[in-house]
Amino acid sequence: MQVRDVMNAKPSYCEPHWTVEAVAALMAHVGTGILPVVESVLNQRVLGVVTDRDLCVRAVATGLYPAHTWVRECMTLNPICCSAHEGVEVALRLMRKNQVRRLPVVDADMQLRGMLSISDLVRSEAADPEAVYETLRLICRPCVGSKTELDIVMSHVA
């Protein structure tokens, strides 16, 4: 089965000049934790992605004011993407290798065509359940050298 058969073909997105506050409000409204960042409404070339974690870690936690901070200041550049014509197994390999749960789906010119999440794959039963499970297990594995929540809390207490 191909990515186009299971992807969200009409994903929400934002532009780099939107504020962190506006992007957070859109995420809350549509119930997502990631938005592709496109050049403009007319040219939907993917420039990056912004996640709820980006907003928290790169903007709010650093003391930036969400109403006065552009999304381009905290977005992730050069996101891992896939093509609508690729098989879902290829998308799963990309997710595993890069420890990501969601992929923008783009064409050869990096124009946004959709979004694919591991949840899409689970709901559609488009991929082998064992491959999906293994992908999710590897995505959830902590990165080497990353701090745990306890480490972070203890560093603020000390």
# chains A, B, ... in the order shown; residues from 1 in each chain; ligands from 1
>>> select_by_dssp(residues="region 31-152 of chain A", states="helix (DSSP H, G or I)", output="VMD selection string")
chain A and resid 52 to 60 66 to 68 71 to 73 88 to 98 118 to 124 129 to 139 149 to 152
>>> closest_atom_pairs(of="region 75-105 of chain A", to="region 32-51 of chain A", cutoff="8 Å", atoms="only C-alpha atoms", output="CSV")
residue,atom,partner,partner_atom,distance
A:Met75,CA,A:Val50,CA,4.6
A:Thr76,CA,A:Val49,CA,5.3
A:Leu77,CA,A:Gly48,CA,4.4
A:Asn78,CA,A:Gly48,CA,5.5
A:Pro79,CA,A:Gly48,CA,5.5
A:Arg102,CA,A:Ile34,CA,8.0
A:Pro104,CA,A:Pro36,CA,6.7
>>> closest_residue(among="A:Asn8, A:Ala84, A:Arg137, A:Ala131", to="Gln111 (chain A)", atoms="only C-alpha atoms")
A:Ala84
>>> select_by_dssp(residues="region 3-158 of chain A", states="strand (DSSP E or B)", output="ChimeraX atom specification")
/A:8,14,19,34-38,45-51,70,76-77,82,87,102-106,111-117
>>> atom_distance(atom1="CA of Val132 (chain A)", atom2="CA of Asp107 (chain A)")
24.1 Å
>>> residues_around(residues="Glu130 (chain A)", least_positions_apart="6", cutoff="12 Å", atoms="only C-alpha atoms", output="ChimeraX atom specification")
/A:89,92,121-122,136-137
>>> write_last_selection(atoms="C-alpha atoms", output="CSV table (one decimal), in the first residue's frame")
chain,number,residue,atom,x,y,z
A,89,GLU,CA,7.1,0.4,4.6
A,92,LEU,CA,7.9,3.3,8.5
A,121,LEU,CA,-0.9,3.5,9.7
A,122,VAL,CA,-2.4,1.9,12.8
A,136,LEU,CA,6.7,2.8,17.6
A,137,ARG,CA,9.0,1.0,20.1
>>> residues_around(residues="region 67-71 of chain A", least_positions_apart="4", cutoff="7 Å", atoms="only C-alpha atoms", output="PyMOL selection string")
chain A and resi 16-21+75
>>> closest_residue(among="A:Leu138, A:Met1, A:Met7, A:Val23", to="Leu103 (chain A)", atoms="only C-alpha atoms")
A:Met7
>>> atom_distance(atom1="CA of Val6 (chain A)", atom2="CA of Glu86 (chain A)")
11.4 Å
>>> atom_distance(atom1="CA of Glu15 (chain A)", atom2="CA of Leu112 (chain A)")
12.3 Å
